[in-house]
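Student: Let me give you the structure first, and then I'll get to my questions.
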Protein chains: 2
Amino acid sequence: MPRVLLTIEYLGTRYAGWQRQDNALAVQEVVEDALAFVCKEPVVVHSSGRTDAGVHALGQRAHADIPYDIPDHGLILGINSRLPRDVRIRAVERVAPDFHARFSAKRKTYLYQIWNDPIANPFFDPTHAHVPRPLDAERMREAASALVGRHDFKSFSVPEPEVNSTVRTISAVEITEKRHRVQFRVTADGFIRYQVRRMAGILIEVGTGAQPVTAVADALEPNFAESRWTADARGLVLESVEYTERG
Amino acid sequence: MPRVLLTIEYLGTRYAGWQRQDNALAVQEVVEDALAFVCKEPVVVHSSGRTDAGVHALGQRAHADIPYDIPDHGLILGINSRLPRDVRIRAVERVAPDFHARFSAKRKTYLYQIWNDPIANPFFDPTHAHVPRPLDAERMREAASALVGRHDFKSFSVPEPEVNSTVRTISAVEITEKRHRVQFRVTADGFIRYQVRRMAGILIEVGTGAQPVTAVADALEPNFAESRWTADARGLVLESVEYTERG
């Protein structure tokens, strides 16, 4: 059974997130259904991680064992022909039998997108949070620099029984602005649930002046206990997942 | 009763077009409802023209007589607070009592957007037609140049009893391409129904090589009678409406 690694792009608006569930539509479900149609038998797809309801992806990754050797190009065409318009397979590659989309991942990059203008933008609305008050990108940049490095991100998440550690290492952060659009890009060895949206939440408050520039560093202090605002899911995009080796 | 001119931006995906109708949601309806809420009485909104189901606008214009003098800024905030997220008033200005959003219009510009890649793009899908075969933008440019000037666009429309003339003057056409996105922009003193989408349809066929470069010029010949393909509504955007004087 060849193991393949899929690169998946989706607009998360209509979905209850990546993970298949009983009473709501999930991206995993539509991908597995399309793959089952192509392979003529059920195929389980294992992603690099869940994305929450309404969150998008430009480069989600997921592996699957397909029952026979279908050429990559045919596999892409076949799956895409069965997918709804808001989900697309962008690439397929072969990986070793012990490769795992989640456990072999070395780094992930998320993008948080903001439309920053008093008047909301109907065209960008599905993929951007709307912040009407002016954002000071330079202030946000200064605050965000405190995120880089190895930190305990406990205060950026909610308690989850199955998560052993809330320590992660952020290798890069970037704040860019262009014509009323502000983007926050962050790369790490992994993220805990709500982490990016809560980092975005604090950065937005720093940008509007509602919080001091030190707010991000403060939230990383061991005894920080305030609950933080979780920024709108619609602004979050899983941009890419990196693997150092494909096995 | 002050007459105001609204600049309206909308993502047309959810709408049966601009014009209010009995059994489907129209953009006119949600704008009139929001305006009625702000003004505390029914207000009729007159647009620069209809847009069809699924067609978008960056700069639709519409005038209305409001019952009392509400400051522009308050009017924008008030209407927007009652509108669904996919419709926004971007500007309000005062116009003379004899100004009419449709009859005073001098020029309109439409944009037709294409995602040109074998694999569809979930992020651009709501606002772009998908053309999987490679488009030759230079060929499209050459073909499109035949559109400029005063022509009878009869073969680009469907017979409509209330339309007296199908002669229009196109003042500018432009084809731009950037990273798999091809845009066709056209400015004229007015357009007949389906005209832009049928021009886009022929241009796409010229771009893929399915039609010769002369296909556009041929369709402008007096005795041309073939029925043409109407390109997908999702790619069409009413970009702007120009008025030489506000009265």
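To be explicit about the labels: the chains of the structure tokens are called A, B, and onward in the order shown, and within each one the residues are counted from 1, while ligands get numbers from 1 in the order they are shown.
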For chain A, report every residue with an atom at most 10 Å from chain B (counting only C-alpha atoms), formatted as a list in words.
Tutor: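 Therefore, the residues near the partner are Glu9, Tyr10, Leu11, Gly12, His56, Ala57, Leu58, Ile76, Leu77, Asn80, Pro84, Arg85, Asp86, Val87, Arg88, Ile89, Arg90, Ala91, Pro118, Ile119, Ala120, Asn121, Pro122, Phe123, Phe124, Asp125, Pro126 and Thr127 of chain A.
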Student: Would you mind writing down, as a list in words, each residue of stretch 197-246 of chain B that DSSP on the backbone assigns to alpha helix (DSSP H)?
Tutor: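 DSSP on the backbone gives alpha helix (DSSP H) at Arg197, Arg198, Met199, Ala200, Gly201, Ile202, Leu203, Ile204, Glu205, Val206, Gly207, Thr208, Ala215, Val216, Ala217, Asp218 and Ala219 of chain B.
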Student: Here is a test: counting only C-alpha atoms, which residue of A:Thr214, A:Thr109, A:Gln195, A:Thr13 is nearest to A:Met140?
Tutor: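 Ranked by minimum distance to A:Met140, first place goes to A:Thr214.
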Student: Just the residues within 12 Å of stretch 141-148 of chain A, please, counting only C-alpha atoms, with nothing from its chain fewer than 2 positions along; format it as a ChimeraX atom specification.
Tutor: /A:135-139,150-153,156,167-177,182-189,195-196,199-207,209,211-221
Student: Could you tell me which of B:Arg179, B:Arg94, B:Lys154, B:Arg197 comes closest to B:Ala225 if we count only C-alpha atoms?
Tutor: B:Lys154
Student: After a least-squares superposition on chain A over all sequentially paired C-alpha atoms, what is chain B as an mmCIF file with C-alpha atoms, in the first residue's frame?
Tutor:
```cif
data_model
loop_
_atom_site.group_PDB
_atom_site.id
_atom_site.type_symbol
_atom_site.label_atom_id
_atom_site.label_comp_id
_atom_site.auth_asym_id
_atom_site.auth_seq_id
_atom_site.Cartn_x
_atom_site.Cartn_y
_atom_site.Cartn_z
ATOM 1 C CA MET B 1 -0.007 0.036 0.018
ATOM 2 C CA PRO B 2 1.813 3.170 -1.135
ATOM 3 C CA ARG B 3 1.770 5.999 1.411
ATOM 4 C CA VAL B 4 1.078 9.420 -0.099
ATOM 5 C CA LEU B 5 1.336 12.902 1.376
ATOM 6 C CA LEU B 6 -1.346 15.345 0.238
ATOM 7 C CA THR B 7 -1.098 19.148 0.238
ATOM 8 C CA ILE B 8 -4.618 20.467 0.840
ATOM 9 C CA GLU B 9 -5.988 23.975 0.401
ATOM 10 C CA TYR B 10 -9.361 24.909 1.874
ATOM 11 C CA LEU B 11 -11.608 27.806 2.667
ATOM 12 C CA GLY B 12 -12.809 26.798 6.121
ATOM 13 C CA THR B 13 -15.930 28.983 6.239
ATOM 14 C CA ARG B 14 -18.446 26.145 5.727
ATOM 15 C CA TYR B 15 -16.632 23.584 7.866
ATOM 16 C CA ALA B 16 -16.670 22.591 11.524
ATOM 17 C CA GLY B 17 -12.882 22.280 11.256
ATOM 18 C CA TRP B 18 -10.553 19.601 9.941
ATOM 19 C CA GLN B 19 -11.551 16.675 12.119
ATOM 20 C CA ARG B 20 -14.417 14.390 11.110
ATOM 21 C CA GLN B 21 -17.358 14.553 13.478
ATOM 22 C CA ASP B 22 -20.853 13.163 13.769
ATOM 23 C CA ASN B 23 -23.143 16.142 13.411
ATOM 24 C CA ALA B 24 -21.243 18.668 11.345
ATOM 25 C CA LEU B 25 -19.328 18.781 8.078
ATOM 26 C CA ALA B 26 -15.533 18.518 8.424
ATOM 27 C CA VAL B 27 -12.785 18.901 5.820
ATOM 28 C CA GLN B 28 -11.406 15.442 6.693
ATOM 29 C CA GLU B 29 -14.765 13.930 5.769
ATOM 30 C CA VAL B 30 -14.959 15.458 2.292
ATOM 31 C CA VAL B 31 -11.318 14.514 1.563
ATOM 32 C CA GLU B 32 -11.823 10.929 2.777
ATOM 33 C CA ASP B 33 -15.040 10.619 0.794
ATOM 34 C CA ALA B 34 -13.341 11.819 -2.385
ATOM 35 C CA LEU B 35 -10.383 9.507 -1.814
ATOM 36 C CA ALA B 36 -12.710 6.560 -1.121
ATOM 37 C CA PHE B 37 -14.475 7.234 -4.411
ATOM 38 C CA VAL B 38 -11.185 7.238 -6.325
ATOM 39 C CA CYS B 39 -9.806 4.162 -4.530
ATOM 40 C CA LYS B 40 -13.148 2.303 -4.451
ATOM 41 C CA GLU B 41 -12.653 1.524 -0.755
ATOM 42 C CA PRO B 42 -12.508 3.517 2.501
ATOM 43 C CA VAL B 43 -9.228 5.389 3.064
ATOM 44 C CA VAL B 44 -8.294 7.149 6.313
ATOM 45 C CA VAL B 45 -6.471 10.469 6.029
ATOM 46 C CA HIS B 46 -4.102 11.606 8.814
ATOM 47 C CA SER B 47 -3.449 15.342 8.910
ATOM 48 C CA SER B 48 -0.575 17.355 10.372
ATOM 49 C CA GLY B 49 -3.067 18.484 13.011
ATOM 50 C CA ARG B 50 -6.611 19.753 13.432
ATOM 51 C CA THR B 51 -7.742 23.168 12.402
ATOM 52 C CA ASP B 52 -10.698 24.673 14.267
ATOM 53 C CA ALA B 53 -14.104 25.550 12.851
ATOM 54 C CA GLY B 54 -13.866 28.319 10.266
ATOM 55 C CA VAL B 55 -10.056 28.197 10.017
ATOM 56 C CA HIS B 56 -8.562 27.979 6.512
ATOM 57 C CA ALA B 57 -5.521 26.287 4.989
ATOM 58 C CA LEU B 58 -3.259 27.078 2.078
ATOM 59 C CA GLY B 59 -1.004 24.105 2.805
ATOM 60 C CA GLN B 60 -2.512 21.588 5.203
ATOM 61 C CA ARG B 61 -0.736 18.236 4.875
ATOM 62 C CA ALA B 62 -2.174 14.776 5.367
ATOM 63 C CA HIS B 63 -0.943 11.274 4.627
ATOM 64 C CA ALA B 64 -2.935 8.240 3.522
ATOM 65 C CA ASP B 65 -2.248 4.674 2.461
ATOM 66 C CA ILE B 66 -3.820 4.050 -0.893
ATOM 67 C CA PRO B 67 -4.697 0.479 -1.909
ATOM 68 C CA TYR B 68 -2.933 0.558 -5.284
ATOM 69 C CA ASP B 69 -0.426 2.613 -7.129
ATOM 70 C CA ILE B 70 -2.289 5.463 -8.811
ATOM 71 C CA PRO B 71 -0.040 7.969 -10.623
ATOM 72 C CA ASP B 72 0.179 11.295 -8.729
ATOM 73 C CA HIS B 73 -1.380 13.342 -11.494
ATOM 74 C CA GLY B 74 -4.347 10.993 -11.813
ATOM 75 C CA LEU B 75 -4.789 10.938 -8.054
ATOM 76 C CA ILE B 76 -4.912 14.766 -7.872
ATOM 77 C CA LEU B 77 -7.401 14.991 -10.756
ATOM 78 C CA GLY B 78 -9.541 12.168 -9.383
ATOM 79 C CA ILE B 79 -9.792 13.499 -5.829
ATOM 80 C CA ASN B 80 -10.359 17.100 -6.969
ATOM 81 C CA SER B 81 -13.154 16.015 -9.292
ATOM 82 C CA ARG B 82 -15.064 14.742 -6.240
ATOM 83 C CA LEU B 83 -14.307 17.579 -3.825
ATOM 84 C CA PRO B 84 -16.547 20.593 -3.147
ATOM 85 C CA ARG B 85 -15.250 23.851 -4.696
ATOM 86 C CA ASP B 86 -13.830 25.140 -1.395
ATOM 87 C CA VAL B 87 -11.371 22.246 -0.938
ATOM 88 C CA ARG B 88 -8.567 21.307 -3.333
ATOM 89 C CA ILE B 89 -5.614 18.922 -3.368
ATOM 90 C CA ARG B 90 -2.672 20.978 -4.645
ATOM 91 C CA ALA B 91 0.026 18.283 -4.628
ATOM 92 C CA VAL B 92 0.686 14.613 -3.959
ATOM 93 C CA GLU B 93 4.028 13.026 -3.153
ATOM 94 C CA ARG B 94 5.221 9.558 -2.153
ATOM 95 C CA VAL B 95 6.495 9.064 1.371
ATOM 96 C CA ALA B 96 8.037 6.173 3.326
ATOM 97 C CA PRO B 97 5.737 3.743 5.197
ATOM 98 C CA ASP B 98 6.850 5.183 8.555
ATOM 99 C CA PHE B 99 6.258 8.809 7.574
ATOM 100 C CA HIS B 100 3.464 10.477 9.569
ATOM 101 C CA ALA B 101 1.948 13.837 8.594
ATOM 102 C CA ARG B 102 1.687 14.830 12.249
ATOM 103 C CA PHE B 103 4.635 13.170 13.967
ATOM 104 C CA SER B 104 7.136 13.815 11.170
ATOM 105 C CA ALA B 105 6.268 17.537 11.019
ATOM 106 C CA LYS B 106 9.189 19.785 11.978
ATOM 107 C CA ARG B 107 7.643 23.226 11.640
ATOM 108 C CA LYS B 108 4.310 24.861 10.895
ATOM 109 C CA THR B 109 3.541 28.358 9.715
ATOM 110 C CA TYR B 110 0.263 30.102 10.413
ATOM 111 C CA LEU B 111 -0.927 33.380 8.971
ATOM 112 C CA TYR B 112 -3.401 35.639 10.768
ATOM 113 C CA GLN B 113 -5.059 38.152 8.436
ATOM 114 C CA ILE B 114 -6.685 41.418 9.453
ATOM 115 C CA TRP B 115 -8.715 43.941 7.456
ATOM 116 C CA ASN B 116 -7.918 47.225 9.191
ATOM 117 C CA ASP B 117 -10.323 49.944 8.145
ATOM 118 C CA PRO B 118 -13.387 51.542 9.758
ATOM 119 C CA ILE B 119 -15.553 49.944 7.045
ATOM 120 C CA ALA B 120 -15.548 46.134 6.713
ATOM 121 C CA ASN B 121 -14.570 44.617 3.367
ATOM 122 C CA PRO B 122 -17.079 42.159 1.850
ATOM 123 C CA PHE B 123 -14.413 40.624 -0.425
ATOM 124 C CA PHE B 124 -11.863 39.983 2.335
ATOM 125 C CA ASP B 125 -14.421 39.217 5.041
ATOM 126 C CA PRO B 126 -14.322 35.397 4.720
ATOM 127 C CA THR B 127 -10.552 35.274 5.298
ATOM 128 C CA HIS B 128 -9.777 38.325 7.447
ATOM 129 C CA ALA B 129 -10.713 39.489 10.927
ATOM 130 C CA HIS B 130 -12.129 43.004 10.858
ATOM 131 C CA VAL B 131 -10.408 45.541 13.109
ATOM 132 C CA PRO B 132 -11.986 49.002 12.648
ATOM 133 C CA ARG B 133 -9.538 50.936 14.869
ATOM 134 C CA PRO B 134 -6.167 51.854 13.329
ATOM 135 C CA LEU B 135 -3.377 49.360 14.055
ATOM 136 C CA ASP B 136 0.177 50.484 14.695
ATOM 137 C CA ALA B 137 2.132 47.723 12.946
ATOM 138 C CA GLU B 138 5.446 48.898 14.387
ATOM 139 C CA ARG B 139 4.102 48.523 17.942
ATOM 140 C CA MET B 140 2.772 45.064 17.039
ATOM 141 C CA ARG B 141 6.185 44.111 15.615
ATOM 142 C CA GLU B 142 7.937 45.189 18.796
ATOM 143 C CA ALA B 143 5.481 43.254 20.975
ATOM 144 C CA ALA B 144 5.601 40.151 18.751
ATOM 145 C CA SER B 145 9.380 39.895 18.984
ATOM 146 C CA ALA B 146 8.949 38.629 22.578
ATOM 147 C CA LEU B 147 7.295 35.499 21.157
ATOM 148 C CA VAL B 148 10.444 34.215 19.455
ATOM 149 C CA GLY B 149 12.224 31.405 21.293
ATOM 150 C CA ARG B 150 11.267 28.579 23.592
ATOM 151 C CA HIS B 151 8.378 29.500 25.902
ATOM 152 C CA ASP B 152 5.579 27.996 27.905
ATOM 153 C CA PHE B 153 2.443 29.119 26.046
ATOM 154 C CA LYS B 154 0.076 27.895 28.783
ATOM 155 C CA SER B 155 -1.710 31.245 29.046
ATOM 156 C CA PHE B 156 -2.420 31.195 25.289
ATOM 157 C CA SER B 157 -4.471 28.033 25.423
ATOM 158 C CA VAL B 158 -7.200 26.185 27.264
ATOM 159 C CA PRO B 159 -6.475 23.143 29.462
ATOM 160 C CA GLU B 160 -6.595 19.987 27.359
ATOM 161 C CA PRO B 161 -6.142 16.641 29.110
ATOM 162 C CA GLU B 162 -4.295 14.940 26.229
ATOM 163 C CA VAL B 163 -1.677 17.675 25.859
ATOM 164 C CA ASN B 164 1.412 16.916 27.945
ATOM 165 C CA SER B 165 3.345 20.094 27.468
ATOM 166 C CA THR B 166 2.502 23.654 26.516
ATOM 167 C CA VAL B 167 6.141 24.499 25.758
ATOM 168 C CA ARG B 168 6.816 25.330 22.120
ATOM 169 C CA THR B 169 9.612 27.018 20.169
ATOM 170 C CA ILE B 170 8.744 29.866 17.839
ATOM 171 C CA SER B 171 11.420 30.355 15.177
ATOM 172 C CA ALA B 172 10.013 33.375 13.350
ATOM 173 C CA VAL B 173 7.335 36.048 13.589
ATOM 174 C CA GLU B 174 6.534 38.682 11.006
ATOM 175 C CA ILE B 175 4.034 41.534 10.815
ATOM 176 C CA THR B 176 3.396 42.993 7.373
ATOM 177 C CA GLU B 177 0.991 45.707 6.274
ATOM 178 C CA LYS B 178 -0.263 46.653 2.853
ATOM 179 C CA ARG B 179 -3.294 48.789 1.974
ATOM 180 C CA HIS B 180 -5.431 48.228 5.084
ATOM 181 C CA ARG B 181 -4.388 44.583 5.364
ATOM 182 C CA VAL B 182 -2.232 43.544 8.301
ATOM 183 C CA GLN B 183 -0.776 40.032 8.390
ATOM 184 C CA PHE B 184 0.815 38.247 11.333
ATOM 185 C CA ARG B 185 2.886 35.217 10.291
ATOM 186 C CA VAL B 186 4.335 32.829 12.860
ATOM 187 C CA THR B 187 6.489 29.714 12.498
ATOM 188 C CA ALA B 188 7.053 27.171 15.292
ATOM 189 C CA ASP B 189 7.805 23.522 15.932
ATOM 190 C CA GLY B 190 4.129 23.216 16.824
ATOM 191 C CA PHE B 191 1.213 25.109 18.312
ATOM 192 C CA ILE B 192 -1.233 24.429 21.099
ATOM 193 C CA ARG B 193 -4.944 24.946 20.587
ATOM 194 C CA TYR B 194 -6.047 28.605 20.175
ATOM 195 C CA GLN B 195 -2.420 29.740 20.509
ATOM 196 C CA VAL B 196 -2.197 31.661 17.247
ATOM 197 C CA ARG B 197 -5.607 33.283 17.648
ATOM 198 C CA ARG B 198 -4.756 34.332 21.213
ATOM 199 C CA MET B 199 -1.390 35.706 20.147
ATOM 200 C CA ALA B 200 -3.237 37.571 17.378
ATOM 201 C CA GLY B 201 -5.753 38.815 19.969
ATOM 202 C CA ILE B 202 -3.074 40.357 22.157
ATOM 203 C CA LEU B 203 -1.209 41.777 19.167
ATOM 204 C CA ILE B 204 -4.395 43.460 17.929
ATOM 205 C CA GLU B 205 -4.888 45.021 21.369
ATOM 206 C CA VAL B 206 -1.270 46.194 21.349
ATOM 207 C CA GLY B 207 -1.787 47.569 17.837
ATOM 208 C CA THR B 208 -4.857 49.626 18.784
ATOM 209 C CA GLY B 209 -3.210 50.838 22.002
ATOM 210 C CA ALA B 210 -5.636 48.965 24.282
ATOM 211 C CA GLN B 211 -2.680 47.014 25.728
ATOM 212 C CA PRO B 212 0.925 48.090 26.349
ATOM 213 C CA VAL B 213 3.738 46.825 24.094
ATOM 214 C CA THR B 214 4.823 44.591 26.984
ATOM 215 C CA ALA B 215 1.482 42.704 26.948
ATOM 216 C CA VAL B 216 2.875 39.785 24.957
ATOM 217 C CA ALA B 217 5.955 39.374 27.158
ATOM 218 C CA ASP B 218 3.725 39.668 30.236
ATOM 219 C CA ALA B 219 1.492 36.851 29.017
ATOM 220 C CA LEU B 220 4.571 34.605 28.752
ATOM 221 C CA GLU B 221 5.423 35.088 32.454
ATOM 222 C CA PRO B 222 5.019 31.852 34.499
ATOM 223 C CA ASN B 223 2.308 33.191 36.796
ATOM 224 C CA PHE B 224 0.251 35.047 34.201
ATOM 225 C CA ALA B 225 -3.356 34.003 34.769
ATOM 226 C CA GLU B 226 -5.637 36.449 32.943
ATOM 227 C CA SER B 227 -7.894 34.962 30.339
ATOM 228 C CA ARG B 228 -7.222 36.354 26.898
ATOM 229 C CA TRP B 229 -9.381 37.211 23.944
ATOM 230 C CA THR B 230 -9.329 34.665 21.105
ATOM 231 C CA ALA B 231 -9.293 36.435 17.739
ATOM 232 C CA ASP B 232 -11.867 35.510 15.081
ATOM 233 C CA ALA B 233 -11.294 32.101 13.397
ATOM 234 C CA ARG B 234 -11.961 33.556 9.939
ATOM 235 C CA GLY B 235 -8.594 35.361 9.989
ATOM 236 C CA LEU B 236 -6.522 32.225 10.573
ATOM 237 C CA VAL B 237 -4.814 30.299 7.767
ATOM 238 C CA LEU B 238 -2.529 27.253 8.108
ATOM 239 C CA GLU B 239 0.016 28.346 5.537
ATOM 240 C CA SER B 240 2.500 25.492 5.457
ATOM 241 C CA VAL B 241 3.864 22.429 7.227
ATOM 242 C CA GLU B 242 7.535 21.559 6.845
ATOM 243 C CA TYR B 243 9.166 18.148 6.988
ATOM 244 C CA THR B 244 12.928 17.759 6.988
ATOM 245 C CA GLU B 245 12.829 14.342 5.411
ATOM 246 C CA ARG B 246 10.214 12.342 3.594
ATOM 247 C CA GLY B 247 11.733 9.043 4.809
#
```
Student: In stretch 16-57 of chain B, what's strand (DSSP E or B) per DSSP? Answer as a ChimeraX atom specification?
Tutor: /B:45-47,56-57
